[in-house]
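Visitor: Got a structure for you, data-v5.csv, holding CSV, C-alpha atoms.
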chain,number,residue,atom,x,y,z
A,144,MET,CA,111.3,81.9,70.0
A,145,ARG,CA,113.9,84.7,70.2
A,146,TYR,CA,113.6,86.7,73.5
A,147,LEU,CA,113.0,90.3,72.8
A,148,LEU,CA,115.0,92.6,75.0
A,149,PRO,CA,112.8,95.6,75.9
A,150,LEU,CA,114.1,98.9,74.4
A,151,PHE,CA,114.1,100.6,77.8
A,152,LEU,CA,116.6,98.0,79.0
A,153,VAL,CA,118.8,98.5,75.9
A,154,LEU,CA,118.8,102.2,76.6
A,155,ALA,CA,119.8,101.7,80.2
A,156,TRP,CA,122.6,99.4,79.1
A,157,VAL,CA,123.9,102.0,76.7
A,158,GLN,CA,123.7,104.7,79.3
A,159,GLY,CA,125.7,102.7,81.8
A,160,ALA,CA,127.9,100.7,79.5
A,161,GLN,CA,131.1,102.0,81.1
A,162,GLY,CA,130.3,100.5,84.5
A,163,ALA,CA,130.5,96.9,85.6
A,164,VAL,CA,127.2,95.7,87.0
A,165,ARG,CA,127.5,93.0,89.6
A,166,GLY,CA,124.6,90.6,90.2
A,167,GLU,CA,124.3,88.1,93.0
A,168,LYS,CA,121.7,86.0,94.7
A,169,ILE,CA,120.8,86.7,98.4
A,170,GLU,CA,119.0,84.3,100.6
A,171,TYR,CA,117.0,85.8,103.5
A,172,ARG,CA,113.9,85.0,105.6
A,173,GLN,CA,110.5,86.3,106.5
A,174,GLY,CA,109.4,84.4,109.6
A,175,ASP,CA,110.1,80.7,108.9
A,176,THR,CA,110.0,81.1,105.1
A,177,VAL,CA,113.3,81.1,103.2
A,178,LEU,CA,113.4,83.6,100.3
A,179,GLU,CA,115.9,84.3,97.6
A,180,GLY,CA,116.3,87.6,95.8
A,181,TYR,CA,118.7,89.2,93.3
A,182,LEU,CA,120.9,92.2,94.1
A,183,ALA,CA,122.5,94.3,91.3
A,184,PHE,CA,124.8,97.3,91.5
A,185,ASP,CA,127.5,99.0,89.5
A,186,ASP,CA,130.8,98.7,91.3
A,187,ALA,CA,132.2,101.6,89.3
A,188,VAL,CA,129.9,103.9,91.3
A,189,GLN,CA,131.6,105.2,94.4
A,190,GLY,CA,129.9,105.4,97.8
A,191,LYS,CA,126.3,105.0,98.9
A,192,ARG,CA,123.5,105.6,96.4
A,193,PRO,CA,119.7,105.4,96.2
A,194,GLY,CA,118.3,101.9,96.4
A,195,VAL,CA,115.4,100.5,94.4
A,196,LEU,CA,113.3,97.5,95.4
A,197,VAL,CA,111.9,95.5,92.4
A,198,ALA,CA,108.8,93.4,93.0
A,199,HIS,CA,108.1,90.6,90.5
A,200,ALA,CA,105.0,89.6,88.5
A,201,TRP,CA,102.7,86.7,89.3
A,202,LYS,CA,105.1,83.9,88.3
A,203,GLY,CA,107.7,84.9,90.8
A,204,LEU,CA,111.2,86.3,90.5
A,205,ASP,CA,112.0,86.0,86.9
A,206,ASP,CA,114.3,87.3,84.1
A,207,HIS,CA,112.2,90.4,83.6
A,208,SER,CA,112.7,91.4,87.3
A,209,ARG,CA,116.4,90.6,87.2
A,210,LYS,CA,117.0,92.5,84.0
A,211,SER,CA,115.1,95.4,85.4
A,212,ALA,CA,117.4,95.3,88.5
A,213,ASP,CA,120.5,95.2,86.2
A,214,ALA,CA,119.1,98.2,84.2
A,215,LEU,CA,118.5,100.2,87.4
A,216,ALA,CA,122.1,99.4,88.5
A,217,ARG,CA,123.3,100.8,85.2
A,218,LEU,CA,121.4,104.0,86.0
A,219,GLY,CA,123.4,104.3,89.2
A,220,TYR,CA,121.1,102.7,91.7
A,221,THR,CA,121.5,99.6,93.8
A,222,ALA,CA,118.5,97.4,93.0
A,223,PHE,CA,117.2,94.3,94.8
A,224,ALA,CA,114.6,92.1,93.1
A,225,LEU,CA,112.7,90.6,96.0
A,226,ASP,CA,111.1,87.2,96.4
A,227,VAL,CA,107.5,87.2,97.6
A,228,TYR,CA,106.8,83.5,97.1
A,229,GLY,CA,109.8,81.7,98.6
A,230,LYS,CA,113.0,80.2,97.4
A,231,ASP,CA,112.5,78.0,94.4
A,232,VAL,CA,108.7,78.6,94.4
A,233,ARG,CA,108.2,79.5,90.8
A,234,PRO,CA,104.8,78.7,89.2
A,235,LYS,CA,105.1,77.0,85.8
A,236,THR,CA,101.6,77.6,84.5
A,237,ASN,CA,99.1,80.5,84.5
A,238,PRO,CA,96.7,78.6,86.8
A,239,GLU,CA,99.4,77.9,89.3
A,240,ALA,CA,100.5,81.5,89.2
A,241,SER,CA,96.9,82.7,89.6
A,242,ALA,CA,96.4,80.5,92.6
A,243,LEU,CA,99.6,81.6,94.3
A,244,ALA,CA,99.2,85.3,93.6
A,245,GLY,CA,95.6,85.0,94.8
A,246,LYS,CA,96.8,83.8,98.2
A,247,PHE,CA,98.7,87.0,98.7
A,248,LYS,CA,96.1,89.3,97.2
A,249,SER,CA,93.6,87.9,99.7
A,250,ASP,CA,96.1,88.2,102.6
A,251,ARG,CA,97.6,91.7,102.2
A,252,ALA,CA,99.3,91.6,105.6
A,253,LEU,CA,101.4,88.6,104.4
A,254,MET,CA,102.1,90.4,101.1
A,255,ARG,CA,103.3,93.4,103.0
A,256,ALA,CA,105.4,91.3,105.4
A,257,ARG,CA,107.2,89.6,102.5
A,258,ALA,CA,107.8,92.9,100.7
A,259,LEU,CA,109.1,94.5,103.9
A,260,ALA,CA,111.5,91.7,104.4
A,261,GLY,CA,113.0,92.4,101.0
A,262,LEU,CA,113.1,96.1,101.7
A,263,GLU,CA,115.1,95.5,104.8
A,264,VAL,CA,117.6,93.5,102.8
A,265,LEU,CA,118.0,96.4,100.3
A,266,ARG,CA,118.3,99.1,103.0
A,267,ALA,CA,121.0,97.1,104.8
A,268,GLN,CA,123.3,96.9,101.7
A,269,PRO,CA,126.6,98.9,102.2
A,270,THR,CA,126.1,100.6,98.8
A,271,VAL,CA,122.6,101.9,99.7
A,272,ASP,CA,121.7,105.2,101.4
A,273,PRO,CA,118.7,103.9,103.5
A,274,ALA,CA,117.2,107.4,103.5
A,275,ARG,CA,116.9,107.3,99.7
A,276,VAL,CA,115.0,104.2,98.7
A,277,ALA,CA,112.1,103.6,96.3
A,278,ALA,CA,110.3,100.5,95.0
A,279,ILE,CA,108.9,99.5,91.6
A,280,GLY,CA,106.7,96.5,90.7
A,281,TYR,CA,105.2,94.7,87.7
A,282,CYS,CA,101.7,93.4,87.6
A,283,PHE,CA,101.3,91.5,90.9
A,284,GLY,CA,104.5,93.4,92.0
A,285,GLY,CA,102.8,96.7,91.2
A,286,THR,CA,100.1,95.8,93.7
A,287,THR,CA,102.8,94.8,96.1
A,288,VAL,CA,104.7,98.1,96.1
A,289,LEU,CA,101.4,100.0,96.4
A,290,GLU,CA,100.8,98.0,99.5
A,291,LEU,CA,104.2,99.1,100.8
A,292,ALA,CA,103.1,102.7,100.3
A,293,ARG,CA,99.8,102.0,102.1
A,294,ALA,CA,101.7,100.5,105.0
A,295,GLY,CA,103.8,103.6,105.5
A,296,ALA,CA,107.0,101.7,104.6
A,297,PRO,CA,110.3,103.8,104.7
A,298,LEU,CA,110.2,104.6,101.0
A,299,GLN,CA,110.5,107.9,99.2
A,300,GLY,CA,108.4,106.7,96.3
A,301,VAL,CA,106.8,103.7,94.6
A,302,VAL,CA,106.2,103.0,90.9
A,303,SER,CA,103.5,100.5,89.8
A,304,PHE,CA,103.9,99.1,86.2
A,305,HIS,CA,100.5,97.7,85.0
A,306,GLY,CA,99.8,96.7,88.6
A,307,GLY,CA,96.5,95.9,90.2
A,308,LEU,CA,95.2,99.1,91.9
A,309,ASP,CA,92.6,97.6,94.2
A,310,ARG,CA,93.0,97.4,98.0
A,311,GLY,CA,92.4,94.8,100.6
A,312,LYS,CA,88.8,94.5,101.7
A,313,GLY,CA,87.8,96.3,104.9
A,314,GLU,CA,90.9,98.4,105.2
A,315,GLY,CA,90.6,102.1,106.2
A,316,THR,CA,92.1,105.1,104.5
A,317,PRO,CA,95.9,104.7,104.7
A,318,THR,CA,98.5,107.3,105.5
A,319,ILE,CA,100.7,107.5,102.4
A,320,LYS,CA,104.0,109.2,102.8
A,321,ALA,CA,105.7,107.9,99.7
A,322,ARG,CA,105.1,109.6,96.4
A,323,VAL,CA,103.2,107.3,94.1
A,324,LEU,CA,103.5,106.8,90.3
A,325,ALA,CA,101.0,104.4,88.7
A,326,LEU,CA,101.7,103.4,85.1
A,327,HIS,CA,98.6,101.9,83.6
A,328,GLY,CA,97.6,100.4,80.3
A,329,GLY,CA,94.5,102.2,79.0
A,330,ASP,CA,93.0,99.0,77.6
A,331,ASP,CA,94.0,96.7,80.5
A,332,PRO,CA,91.1,94.2,80.9
A,333,PHE,CA,92.4,92.9,84.2
A,334,VAL,CA,92.2,96.3,86.0
A,335,PRO,CA,88.6,97.4,85.7
A,336,GLU,CA,87.7,101.1,85.4
A,337,LYS,CA,86.1,101.0,88.9
A,338,ASP,CA,89.4,100.1,90.4
A,339,VAL,CA,91.1,102.9,88.5
A,340,LEU,CA,88.5,105.4,89.8
A,341,ALA,CA,88.7,104.0,93.3
A,342,PHE,CA,92.5,104.3,93.3
A,343,GLN,CA,92.3,108.0,92.4
A,344,GLU,CA,89.7,108.6,95.2
A,345,GLU,CA,91.9,106.7,97.6
A,346,MET,CA,94.9,108.8,96.8
A,347,ARG,CA,92.9,112.0,97.2
A,348,LYS,CA,91.5,111.0,100.6
A,349,ALA,CA,95.0,110.0,101.7
A,350,LYS,CA,96.3,113.4,100.5
A,351,ALA,CA,99.1,111.6,98.7
A,352,ASP,CA,101.5,113.0,96.2
A,353,TRP,CA,100.4,110.8,93.3
A,354,GLN,CA,100.5,110.5,89.5
A,355,LEU,CA,98.6,108.2,87.2
A,356,ASN,CA,99.9,107.8,83.6
A,357,VAL,CA,97.6,106.0,81.2
A,358,TYR,CA,99.0,104.6,78.0
A,359,GLY,CA,96.5,104.4,75.2
A,360,GLY,CA,96.2,101.0,73.4
A,361,ALA,CA,98.3,99.2,76.0
A,362,VAL,CA,97.0,96.2,77.8
A,363,HIS,CA,98.2,94.2,80.8
A,364,ALA,CA,102.0,93.3,81.1
A,365,PHE,CA,103.0,95.9,78.5
A,366,THR,CA,106.6,96.0,79.7
A,367,ASP,CA,107.2,92.2,79.4
A,368,PRO,CA,108.3,90.7,76.1
A,369,GLY,CA,107.4,87.3,77.5
A,370,ALA,CA,103.7,88.3,77.4
A,371,GLY,CA,103.7,88.1,73.6
A,372,THR,CA,102.5,90.7,71.2
A,373,ASN,CA,98.8,90.1,70.8
A,374,PRO,CA,96.7,92.7,72.6
A,375,ALA,CA,93.5,90.6,72.1
A,376,ALA,CA,94.9,88.2,74.7
A,377,GLY,CA,94.6,90.8,77.3
A,378,ALA,CA,98.3,90.8,78.2
A,379,ALA,CA,100.9,91.8,75.6
A,380,TYR,CA,104.2,93.6,75.2
A,381,ASP,CA,104.0,97.2,73.9
A,382,GLU,CA,107.4,98.7,73.0
A,383,LYS,CA,106.1,102.2,73.0
A,384,ALA,CA,104.4,102.0,76.3
A,385,ALA,CA,107.4,100.1,77.8
A,386,ARG,CA,109.8,102.9,76.7
A,387,ARG,CA,107.5,105.7,77.8
A,388,SER,CA,106.8,104.2,81.2
A,389,TRP,CA,110.5,103.5,81.9
A,390,GLU,CA,111.3,107.1,81.0
A,391,ALA,CA,108.5,108.3,83.3
A,392,MET,CA,110.0,106.2,86.1
A,393,ARG,CA,113.5,107.6,85.4
A,394,LEU,CA,112.2,111.2,85.6
A,395,PHE,CA,110.2,110.4,88.7
A,396,PHE,CA,113.4,109.1,90.4
A,397,ASN,CA,115.4,112.1,89.2
A,398,GLU,CA,113.0,114.3,91.0
A,399,LEU,CA,112.7,112.0,94.0
A,400,PHE,CA,116.4,111.7,94.6
A,401,LYS,CA,117.3,115.2,93.2
A,402,GLN,CA,119.8,113.9,90.6
A,403,GLY,CA,120.5,114.5,86.9
I'd like the structure from this file rewritten - as C-alpha cells, please.
Guide:
Amino acid sequence: MRYLLPLFLVLAWVQGAQGAVRGEKIEYRQGDTVLEGYLAFDDAVQGKRPGVLVAHAWKGLDDHSRKSADALARLGYTAFALDVYGKDVRPKTNPEASALAGKFKSDRALMRARALAGLEVLRAQPTVDPARVAAIGYCFGGTTVLELARAGAPLQGVVSFHGGLDRGKGEGTPTIKARVLALHGGDDPFVPEKDVLAFQEEMRKAKADWQLNVYGGAVHAFTDPGAGTNPAAGAAYDEKAARRSWEAMRLFFNELFKQG
C-alpha cells in the first residue's frame, strides 16, 4: 500500500525547502531505562531557536513522529521526538500497543517522568533557546503533553492532536502555566463526551490559557495516514482535519513565540 504523505507535511516541506534538515538519533536515559529519540533541525537557520518536543502515539516512536519533527524543523524549530517506551520497544500489534500504553496511562507519574527526560534532552540542545519551548503529541502522545502541562513543566505551550483528555485518578486541580491547545475529532469514539466536558472544566478551574478546536466528522488519529481512511473503524486519516489542525498549531506557535 502506498504511504500517503499528509498534506500538512508537504506544505511544511515546501515552506522550508531551501534549508537542509538534519535528523539524528539520540540515546538518553530515564532512571535505569535506555531511551532513543529523534532530533531534527535545519542547519541553515542561524543561532538558537524555539524547540518543540514531539510525543508519539501508542505504538511508540514511529515515522509519523519523525516526519512531524522534520516538518517542524523546516518551519524553523528544533524538534525532538521523544521515546516514552524505551529503546527498541515498539509494539507490533494493537493489543500490544494497548497494553503498553495502558501501563503509562495508569501510572501518570511514570509517563511524566519519561516525557520530562525527553524535554531535558531538547532543552539542552545548542540550537534551542530553553526559554522558548513547546510540546506536541499525537493520540497517546497528546495525553502525554497534557500531563507535562499539568506537571508545570518548563514549557510555553502544549498541543494535543486527537489525544486522550482524561486525567489520572485522584489527582487534584493542577497549576497550568503553559498555554494549551487541544485539537479534537468531533466524532472520536475513543474520547467520550464526558472527558471532553471534564477537560474544559479542568482548564477553567486551573485558570489556564486554553483552546479546544473540534473538527466535525473527524475520528481518532485524523492526522495519521497509517490509520487508514475508514471513519467507521473509529480511527482514520482525515486530510482536511490534518491540514486545519497543523495550521492551528502553526498559528498557536507564531503567537507563542512571537514570530511571523
Visitor: So which residues touch Leu326 (chain A) within 12 Å, counting all atoms listed in the file, skipping near sequence neighbours fewer than 3 positions away, as number ranges by chain?
Guide: A: 279-282, 285-286, 289, 301-308, 323, 329, 331, 334, 339, 353-359, 361-366, 384-392, 395
Visitor: Just C-alpha atoms for this one: save the residues we selected as a PDB file, in the frame of the given file.
Guide:
ATOM      1  CA  ILE A 279     108.900  99.500  91.600  1.00  0.00           C
ATOM      2  CA  GLY A 280     106.700  96.500  90.700  1.00  0.00           C
ATOM      3  CA  TYR A 281     105.200  94.700  87.700  1.00  0.00           C
ATOM      4  CA  CYS A 282     101.700  93.400  87.600  1.00  0.00           C
ATOM      5  CA  GLY A 285     102.800  96.700  91.200  1.00  0.00           C
ATOM      6  CA  THR A 286     100.100  95.800  93.700  1.00  0.00           C
ATOM      7  CA  LEU A 289     101.400 100.000  96.400  1.00  0.00           C
ATOM      8  CA  VAL A 301     106.800 103.700  94.600  1.00  0.00           C
ATOM      9  CA  VAL A 302     106.200 103.000  90.900  1.00  0.00           C
ATOM     10  CA  SER A 303     103.500 100.500  89.800  1.00  0.00           C
ATOM     11  CA  PHE A 304     103.900  99.100  86.200  1.00  0.00           C
ATOM     12  CA  HIS A 305     100.500  97.700  85.000  1.00  0.00           C
ATOM     13  CA  GLY A 306      99.800  96.700  88.600  1.00  0.00           C
ATOM     14  CA  GLY A 307      96.500  95.900  90.200  1.00  0.00           C
ATOM     15  CA  LEU A 308      95.200  99.100  91.900  1.00  0.00           C
ATOM     16  CA  VAL A 323     103.200 107.300  94.100  1.00  0.00           C
ATOM     17  CA  GLY A 329      94.500 102.200  79.000  1.00  0.00           C
ATOM     18  CA  ASP A 331      94.000  96.700  80.500  1.00  0.00           C
ATOM     19  CA  VAL A 334      92.200  96.300  86.000  1.00  0.00           C
ATOM     20  CA  VAL A 339      91.100 102.900  88.500  1.00  0.00           C
ATOM     21  CA  TRP A 353     100.400 110.800  93.300  1.00  0.00           C
ATOM     22  CA  GLN A 354     100.500 110.500  89.500  1.00  0.00           C
ATOM     23  CA  LEU A 355      98.600 108.200  87.200  1.00  0.00           C
ATOM     24  CA  ASN A 356      99.900 107.800  83.600  1.00  0.00           C
ATOM     25  CA  VAL A 357      97.600 106.000  81.200  1.00  0.00           C
ATOM     26  CA  TYR A 358      99.000 104.600  78.000  1.00  0.00           C
ATOM     27  CA  GLY A 359      96.500 104.400  75.200  1.00  0.00           C
ATOM     28  CA  ALA A 361      98.300  99.200  76.000  1.00  0.00           C
ATOM     29  CA  VAL A 362      97.000  96.200  77.800  1.00  0.00           C
ATOM     30  CA  HIS A 363      98.200  94.200  80.800  1.00  0.00           C
ATOM     31  CA  ALA A 364     102.000  93.300  81.100  1.00  0.00           C
ATOM     32  CA  PHE A 365     103.000  95.900  78.500  1.00  0.00           C
ATOM     33  CA  THR A 366     106.600  96.000  79.700  1.00  0.00           C
ATOM     34  CA  ALA A 384     104.400 102.000  76.300  1.00  0.00           C
ATOM     35  CA  ALA A 385     107.400 100.100  77.800  1.00  0.00           C
ATOM     36  CA  ARG A 386     109.800 102.900  76.700  1.00  0.00           C
ATOM     37  CA  ARG A 387     107.500 105.700  77.800  1.00  0.00           C
ATOM     38  CA  SER A 388     106.800 104.200  81.200  1.00  0.00           C
ATOM     39  CA  TRP A 389     110.500 103.500  81.900  1.00  0.00           C
ATOM     40  CA  GLU A 390     111.300 107.100  81.000  1.00  0.00           C
ATOM     41  CA  ALA A 391     108.500 108.300  83.300  1.00  0.00           C
ATOM     42  CA  MET A 392     110.000 106.200  86.100  1.00  0.00           C
ATOM     43  CA  PHE A 395     110.200 110.400  88.700  1.00  0.00           C
TER      44      PHE A 395
END
Visitor: For each of A:Arg251, A:Lys191, A:Lys348, A:Lys320, take the minimum atom-to-atom distance to Gly219 (chain A), counting all atoms listed in the file, then give the residue where this is smallest.
Guide: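 Of the candidates, the smallest distance to Gly219 (chain A) is held by A:Lys191.
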Visitor: Between A:Leu340, A:Leu291, A:Leu243, A:Leu399, which has the minimum distance to Arg257 (chain A) (counting all atoms listed in the file)?
Guide: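 Of all the options, A:Leu291 lies closest to Arg257 (chain A).
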Visitor: Using all atoms listed in the file, list the residues that have an atom at most 10 Å from (106.3, 90.9, 75.2), coordinates as in the file, as a VMD selection string.
Guide: chain A and resid 146 to 149 364 to 373 378 to 382 385
Visitor: So, with all atoms listed in the file as the atoms that count, which of A:Gly328, A:Gly203, A:Pro374, A:Gly190 lies closest to Gln268 (chain A)?
Guide: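 Of all the options, A:Gly190 lies closest to Gln268 (chain A).
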Visitor: Restricting the calculation to all atoms listed in the file, which member of A:Gln189, A:Gln299, A:Ser211, A:Thr176 is positioned closest to Phe400 (chain A)?
Guide: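 Ranked by minimum distance to Phe400 (chain A), first place goes to A:Gln299.
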Visitor: May I ask which of the residues A:Asn397, A:Ser208, A:Gln343, A:Thr221 is the closest one to Leu265 (chain A), counting all atoms listed in the file?
Guide: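 Of A:Asn397, A:Ser208, A:Gln343, A:Thr221, the one nearest Leu265 (chain A) is A:Thr221, counting all atoms listed in the file.
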Visitor: What does the distance between CA of Asp213 (chain A) and CA of Val232 (chain A) come to in Å, to one decimal place?
Guide: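 Separating CA of Asp213 (chain A) from CA of Val232 (chain A) is a distance of 22.0 Å.
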Visitor: For the atom pair CA of Ala163 (chain A) and CA of Arg217 (chain A), what is the interatomic distance in Å to one decimal place?
Guide: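 For CA of Ala163 (chain A) relative to CA of Arg217 (chain A), the distance reads 8.2 Å.
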Visitor: Could you give me, as an MDAnalysis selection string, the residues that have an atom at most 12 Å away from the point (127.4, 98.1, 100.1) in the coordinates of the file, using only C-alpha atoms?
Guide: chainID A and resid 165 182:186 188:194 220:222 264:273
Visitor: Using all atoms listed in the file, pick whichever of A:Lys337, A:His327, A:Arg347, A:Arg233 has the shortest atom-to-atom distance to His199 (chain A).
Guide: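 Nearest candidate to His199 (chain A) out of A:Lys337, A:His327, A:Arg347, A:Arg233: A:Arg233.
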Visitor: Determine, counting all atoms listed in the file, which protein, DNA and RNA residues have an atom within 12 Å of an atom of Ala260 (chain A); residues of the same chain fewer than 4 positions away are not included. Present the result as a tab-separated table (two decimals) with C-alpha atoms, in the coordinates of the input.
Guide:
chain	number	residue	atom	x	y	z
A	170	GLU	CA	119.00	84.30	100.60
A	171	TYR	CA	117.00	85.80	103.50
A	172	ARG	CA	113.90	85.00	105.60
A	173	GLN	CA	110.50	86.30	106.50
A	174	GLY	CA	109.40	84.40	109.60
A	175	ASP	CA	110.10	80.70	108.90
A	176	THR	CA	110.00	81.10	105.10
A	177	VAL	CA	113.30	81.10	103.20
A	178	LEU	CA	113.40	83.60	100.30
A	179	GLU	CA	115.90	84.30	97.60
A	180	GLY	CA	116.30	87.60	95.80
A	196	LEU	CA	113.30	97.50	95.40
A	198	ALA	CA	108.80	93.40	93.00
A	223	PHE	CA	117.20	94.30	94.80
A	224	ALA	CA	114.60	92.10	93.10
A	225	LEU	CA	112.70	90.60	96.00
A	226	ASP	CA	111.10	87.20	96.40
A	227	VAL	CA	107.50	87.20	97.60
A	228	TYR	CA	106.80	83.50	97.10
A	229	GLY	CA	109.80	81.70	98.60
A	253	LEU	CA	101.40	88.60	104.40
A	254	MET	CA	102.10	90.40	101.10
A	255	ARG	CA	103.30	93.40	103.00
A	256	ALA	CA	105.40	91.30	105.40
A	264	VAL	CA	117.60	93.50	102.80
A	265	LEU	CA	118.00	96.40	100.30
A	266	ARG	CA	118.30	99.10	103.00
A	267	ALA	CA	121.00	97.10	104.80
A	291	LEU	CA	104.20	99.10	100.80
A	296	ALA	CA	107.00	101.70	104.60
